[in-house]
Amino acid sequence: MVDALQGFLQGLFGSVFPLVWTLLKIVLIIAPLLLAVAYLTFWERKIIGWMQVRIGPNRVGPWGLIQPIADGLKLLLKEVVIPTGCDKSVFLIAPMFAFAPALAAWAVIPFNDTLVLANVNASLLYIMSITSIGVYGIILSGWASNSKYAFLGGMRSAAQMISYEVAMGLALVVVLMVSNSLNLGDIVRGQGQGYFADKGLGFLSWNWLPLLPMFVVYLVSIVAETNRAPFDLAEGESEIVGFHVEYSGMAFAVFFLAEYANMILVSTLTSILFLGGWLSPVGFLPDGILWLLLKVSAVLFVFLWVRATFPRYRYDQVMRLGWKVFIPLCLIWLVVVGCWMMSPLNIWK
Amino acid sequence: MEFKTFVFYFLSAILVVAGLRVITSRNPVHAALFLVLAFFTASGIWMLLQAEFLAIALVLIYVGAVMVLFLFVVMMLDINLDRLREGFWSYLPLGSIIALLMVAEMVLVLGGNYHGLLETDVPQTGADHSNVQAVGRLLFTHYVYPFELASVILLVGIVAAVALTQRERRQSKAVSPSQQVFVKAKDRYRVLQMPAEKKD
């Protein structure tokens, strides 16, 4: 069927066909992603509701399922207030800076053995560099709002994101050391081999077990990196204002979408780097994209679970955890894994 | 015109305009943002040269880390633009001599292909060739001593920065978070057992 469609489009567009084909694939990735972002907000409200013995949204549509669409329409129809004395162009560019990297990073995410938009060698590096641009949205929105609170909030979250990027990067270095590749597809394929994978217990061969400390560091760092509870110092609803206080309507909604799109992105990365991507956990079940979606949902659930469970960290404690605990831990584990790989006990051959 | 050539000229035009705006824009934050654009475009041009590791590292390091900290500083500073512009005309002759020198040097180096300075052409490799692996292998074998030296110099920079900020005694009172997180409930309070009083 795909071949037939490909042939039809080739006849229709002629020489610009590759461009059209790529655009089609981009739409096929982005559209479900945006839908997932919308329903992640719904899912979050439902789960937090259940954890707090409430019902959660249940009025709009059957079981409240149309709630995220109603919310989106409401934000779309609201006025985007532009404060006096703000830097208008930077004020409007900032949300784009926050959202665009979360979408651009999907270009290299492999969904299964063959399904990937751009199979590039340095895909892990690409993801690291693209996601590091997201911090501009925060720092620029804080500055351009011409408000003390927004500025302080922007500084706070930008410093937090940069600090945890270091720990995340070091954890990734360990992963790429053991996989001997920067290609996300190869990293997943590397996890499908080993003693346990041969015995049909694939989930014990994935990176999370031999690199357990790095897995924990990464899992905590991504929560801090996406500014989510208990590290949500960017915007703690009840007590602290953040970089987007001056934003309203769709401009605010873009920041909101960016946060959730980033959550989905880092959950996918966790699944690919530590949880075996599309690989099936046991030998008798086939590999496939469904496993990846399942793992992503599980990591996303952890995000929501953590948010409903833990009290908020204080800012100096957040910084201490990043710089004084995670970074030394990563550096030590880097050396440990290096020695392990050089020793006869190396399991990553 | 080949598509690659078109992309090159497109990126170069953006790069030149962004570079000019870095020095002409009145607002220092805008200037820093144009510098970000310039870095990003330059990385695109490097990508055309198949130097994907350098291109991505440029974005990762300069755009993702250095310029963010730069923006931090620029935003915090109270910059008086009029005072910055004061000595513009008196510095102009010296500045233009330096600019001319730089242009001449760049013409010599970048025009190396034209003057026949380059001994070999830039090698063209297939898409399956891993640039990162090649750079890494060279860094840790052939150039290991220069590489280690560079890292030691960077380390000195880090230590110096920390030492500069820690030179004076801290005046403000603050509780160390590392002591706080290890506090146990029994360090802070005692539960006393009081016998209930008997009724007469």
# chains A, B, ... in the order shown; residues from 1 in each chain; ligands from 1
call {"tool": "closest_atom_pairs", "arguments": {"of": "chain A", "to": "chain B", "cutoff": "7 Å", "atoms": "only C-alpha atoms", "output": "JSON lines"}}
result
{"residue": "A:Asn121", "atom": "CA", "partner": "B:Ser130", "partner_atom": "CA", "distance": 6.3}
{"residue": "A:Leu125", "atom": "CA", "partner": "B:Ile56", "partner_atom": "CA", "distance": 6.7}
{"residue": "A:Tyr126", "atom": "CA", "partner": "B:Ile56", "partner_atom": "CA", "distance": 6.2}
{"residue": "A:Met128", "atom": "CA", "partner": "B:Leu60", "partner_atom": "CA", "distance": 6.9}
{"residue": "A:Ser129", "atom": "CA", "partner": "B:Leu60", "partner_atom": "CA", "distance": 4.2}
{"residue": "A:Ser132", "atom": "CA", "partner": "B:Gly64", "partner_atom": "CA", "distance": 4.8}
{"residue": "A:Ile133", "atom": "CA", "partner": "B:Gly64", "partner_atom": "CA", "distance": 5.4}
{"residue": "A:Asp316", "atom": "CA", "partner": "B:Pro177", "partner_atom": "CA", "distance": 6.6}
{"residue": "A:Gln317", "atom": "CA", "partner": "B:Pro177", "partner_atom": "CA", "distance": 5.7}
call {"tool": "residues_around", "arguments": {"residues": "segment 160-166 of chain A", "least_positions_apart": "4", "cutoff": "7 Å", "atoms": "only C-alpha atoms", "output": "ChimeraX atom specification"}}
result
/A:156,170,221,224-225,319,322-323
call {"tool": "residues_around", "arguments": {"residues": "Val217 of chain A", "least_positions_apart": "6", "cutoff": "12 Å", "atoms": "only C-alpha atoms", "output": "PyMOL selection string"}}
result
chain A and resi 164-172+174+208+211+223-225+270+274+321-323+325-331+333
call {"tool": "residues_around", "arguments": {"residues": "segment 37-46 of chain B", "least_positions_apart": "4", "cutoff": "6 Å", "atoms": "only C-alpha atoms", "output": "count of residues only"}}
result
5
call {"tool": "residues_around", "arguments": {"residues": "Glu246 of chain A", "least_positions_apart": "3", "cutoff": "9 Å", "atoms": "only C-alpha atoms", "output": "ChimeraX atom specification"}}
result
/A:81-83,141-142,145-147,150,243,252
call {"tool": "atom_distance", "arguments": {"atom1": "atom CA of Ser297 of chain A", "atom2": "atom CA of Tyr218 of chain A"}}
result
16.9 Å
call {"tool": "residues_around", "arguments": {"residues": "Ile26 of chain A", "least_positions_apart": "4", "cutoff": "8 Å", "atoms": "only C-alpha atoms", "output": "list of chain:residue names"}}
result
A:Thr22, A:Ile30, A:Ala107, A:Leu117
call {"tool": "decode", "arguments": {"residues": "segment 334-346 of chain A", "atoms": "all heavy atoms", "output": "PDB file, in the first residue's frame"}}
result
ATOM      1  N   LEU A 334      31.382   7.010  35.232  1.00  0.00           N
ATOM      2  CA  LEU A 334      32.039   7.030  33.917  1.00  0.00           C
ATOM      3  C   LEU A 334      33.349   6.249  33.974  1.00  0.00           C
ATOM      4  O   LEU A 334      33.629   5.397  33.123  1.00  0.00           O
ATOM      5  CB  LEU A 334      32.306   8.479  33.525  1.00  0.00           C
ATOM      6  CG  LEU A 334      32.746   8.804  32.115  1.00  0.00           C
ATOM      7  CD1 LEU A 334      31.559   8.678  31.194  1.00  0.00           C
ATOM      8  CD2 LEU A 334      33.282  10.210  32.052  1.00  0.00           C
ATOM      9  N   VAL A 335      34.146   6.523  35.026  1.00  0.00           N
ATOM     10  CA  VAL A 335      35.423   5.829  35.171  1.00  0.00           C
ATOM     11  C   VAL A 335      35.197   4.351  35.454  1.00  0.00           C
ATOM     12  O   VAL A 335      35.876   3.476  34.902  1.00  0.00           O
ATOM     13  CB  VAL A 335      36.254   6.489  36.295  1.00  0.00           C
ATOM     14  CG1 VAL A 335      37.562   5.758  36.488  1.00  0.00           C
ATOM     15  CG2 VAL A 335      36.503   7.942  35.967  1.00  0.00           C
ATOM     16  N   VAL A 336      34.193   4.065  36.316  1.00  0.00           N
ATOM     17  CA  VAL A 336      33.911   2.664  36.660  1.00  0.00           C
ATOM     18  C   VAL A 336      33.551   1.876  35.408  1.00  0.00           C
ATOM     19  O   VAL A 336      34.083   0.786  35.152  1.00  0.00           O
ATOM     20  CB  VAL A 336      32.770   2.600  37.708  1.00  0.00           C
ATOM     21  CG1 VAL A 336      32.279   1.172  37.860  1.00  0.00           C
ATOM     22  CG2 VAL A 336      33.240   3.136  39.032  1.00  0.00           C
ATOM     23  N   VAL A 337      32.657   2.433  34.586  1.00  0.00           N
ATOM     24  CA  VAL A 337      32.239   1.717  33.379  1.00  0.00           C
ATOM     25  C   VAL A 337      33.416   1.587  32.413  1.00  0.00           C
ATOM     26  O   VAL A 337      33.575   0.546  31.759  1.00  0.00           O
ATOM     27  CB  VAL A 337      31.032   2.430  32.725  1.00  0.00           C
ATOM     28  CG1 VAL A 337      30.724   1.841  31.370  1.00  0.00           C
ATOM     29  CG2 VAL A 337      29.825   2.316  33.606  1.00  0.00           C
ATOM     30  N   GLY A 338      34.257   2.647  32.354  1.00  0.00           N
ATOM     31  CA  GLY A 338      35.431   2.559  31.496  1.00  0.00           C
ATOM     32  C   GLY A 338      36.333   1.405  31.897  1.00  0.00           C
ATOM     33  O   GLY A 338      36.779   0.615  31.051  1.00  0.00           O
ATOM     34  N   CYS A 339      36.583   1.277  33.224  1.00  0.00           N
ATOM     35  CA  CYS A 339      37.415   0.166  33.706  1.00  0.00           C
ATOM     36  C   CYS A 339      36.733  -1.172  33.440  1.00  0.00           C
ATOM     37  O   CYS A 339      37.377  -2.142  33.032  1.00  0.00           O
ATOM     38  CB  CYS A 339      37.684   0.318  35.203  1.00  0.00           C
ATOM     39  SG  CYS A 339      38.630   1.769  35.599  1.00  0.00           S
ATOM     40  N   TRP A 340      35.401  -1.201  33.657  1.00  0.00           N
ATOM     41  CA  TRP A 340      34.635  -2.417  33.446  1.00  0.00           C
ATOM     42  C   TRP A 340      34.770  -2.880  31.998  1.00  0.00           C
ATOM     43  O   TRP A 340      34.964  -4.067  31.702  1.00  0.00           O
ATOM     44  CB  TRP A 340      33.177  -2.133  33.803  1.00  0.00           C
ATOM     45  CG  TRP A 340      32.255  -3.311  33.810  1.00  0.00           C
ATOM     46  CD1 TRP A 340      32.577  -4.595  33.503  1.00  0.00           C
ATOM     47  CD2 TRP A 340      30.869  -3.307  34.121  1.00  0.00           C
ATOM     48  NE1 TRP A 340      31.469  -5.380  33.607  1.00  0.00           N
ATOM     49  CE2 TRP A 340      30.406  -4.622  33.988  1.00  0.00           C
ATOM     50  CE3 TRP A 340      29.962  -2.303  34.505  1.00  0.00           C
ATOM     51  CZ2 TRP A 340      29.077  -4.972  34.219  1.00  0.00           C
ATOM     52  CZ3 TRP A 340      28.646  -2.651  34.741  1.00  0.00           C
ATOM     53  CH2 TRP A 340      28.207  -3.975  34.599  1.00  0.00           C
ATOM     54  N   MET A 341      34.703  -1.902  31.066  1.00  0.00           N
ATOM     55  CA  MET A 341      34.766  -2.275  29.656  1.00  0.00           C
ATOM     56  C   MET A 341      36.142  -2.794  29.262  1.00  0.00           C
ATOM     57  O   MET A 341      36.277  -3.575  28.324  1.00  0.00           O
ATOM     58  CB  MET A 341      34.396  -1.086  28.777  1.00  0.00           C
ATOM     59  CG  MET A 341      32.932  -0.756  28.846  1.00  0.00           C
ATOM     60  SD  MET A 341      32.515   0.620  27.820  1.00  0.00           S
ATOM     61  CE  MET A 341      32.710  -0.099  26.211  1.00  0.00           C
ATOM     62  N   MET A 342      37.178  -2.325  29.989  1.00  0.00           N
ATOM     63  CA  MET A 342      38.530  -2.759  29.651  1.00  0.00           C
ATOM     64  C   MET A 342      38.881  -4.078  30.349  1.00  0.00           C
ATOM     65  O   MET A 342      39.856  -4.738  30.006  1.00  0.00           O
ATOM     66  CB  MET A 342      39.543  -1.689  30.074  1.00  0.00           C
ATOM     67  CG  MET A 342      39.600  -0.517  29.138  1.00  0.00           C
ATOM     68  SD  MET A 342      40.138  -1.035  27.511  1.00  0.00           S
ATOM     69  CE  MET A 342      38.960  -0.234  26.480  1.00  0.00           C
ATOM     70  N   SER A 343      38.083  -4.447  31.365  1.00  0.00           N
ATOM     71  CA  SER A 343      38.376  -5.663  32.118  1.00  0.00           C
ATOM     72  C   SER A 343      37.821  -6.881  31.371  1.00  0.00           C
ATOM     73  O   SER A 343      37.020  -6.739  30.454  1.00  0.00           O
ATOM     74  CB  SER A 343      37.746  -5.562  33.507  1.00  0.00           C
ATOM     75  OG  SER A 343      36.351  -5.725  33.390  1.00  0.00           O
ATOM     76  N   PRO A 344      38.237  -8.097  31.771  1.00  0.00           N
ATOM     77  CA  PRO A 344      37.701  -9.299  31.108  1.00  0.00           C
ATOM     78  C   PRO A 344      36.213  -9.504  31.375  1.00  0.00           C
ATOM     79  O   PRO A 344      35.575 -10.323  30.712  1.00  0.00           O
ATOM     80  CB  PRO A 344      38.527 -10.440  31.709  1.00  0.00           C
ATOM     81  CG  PRO A 344      39.419  -9.859  32.726  1.00  0.00           C
ATOM     82  CD  PRO A 344      39.323  -8.396  32.700  1.00  0.00           C
ATOM     83  N   LEU A 345      35.637  -8.767  32.348  1.00  0.00           N
ATOM     84  CA  LEU A 345      34.221  -8.941  32.658  1.00  0.00           C
ATOM     85  C   LEU A 345      33.311  -8.146  31.727  1.00  0.00           C
ATOM     86  O   LEU A 345      32.103  -8.059  31.959  1.00  0.00           O
ATOM     87  CB  LEU A 345      33.948  -8.499  34.103  1.00  0.00           C
ATOM     88  CG  LEU A 345      34.685  -9.288  35.179  1.00  0.00           C
ATOM     89  CD1 LEU A 345      34.503  -8.619  36.530  1.00  0.00           C
ATOM     90  CD2 LEU A 345      34.157 -10.706  35.233  1.00  0.00           C
ATOM     91  N   ASN A 346      33.886  -7.533  30.703  1.00  0.00           N
ATOM     92  CA  ASN A 346      33.121  -6.692  29.784  1.00  0.00           C
ATOM     93  C   ASN A 346      31.941  -7.471  29.196  1.00  0.00           C
ATOM     94  O   ASN A 346      32.109  -8.551  28.645  1.00  0.00           O
ATOM     95  CB  ASN A 346      34.049  -6.221  28.660  1.00  0.00           C
ATOM     96  CG  ASN A 346      33.358  -5.262  27.735  1.00  0.00           C
ATOM     97  OD1 ASN A 346      32.222  -4.879  27.955  1.00  0.00           O
ATOM     98  ND2 ASN A 346      34.052  -4.884  26.696  1.00  0.00           N
TER      99      ASN A 346
END
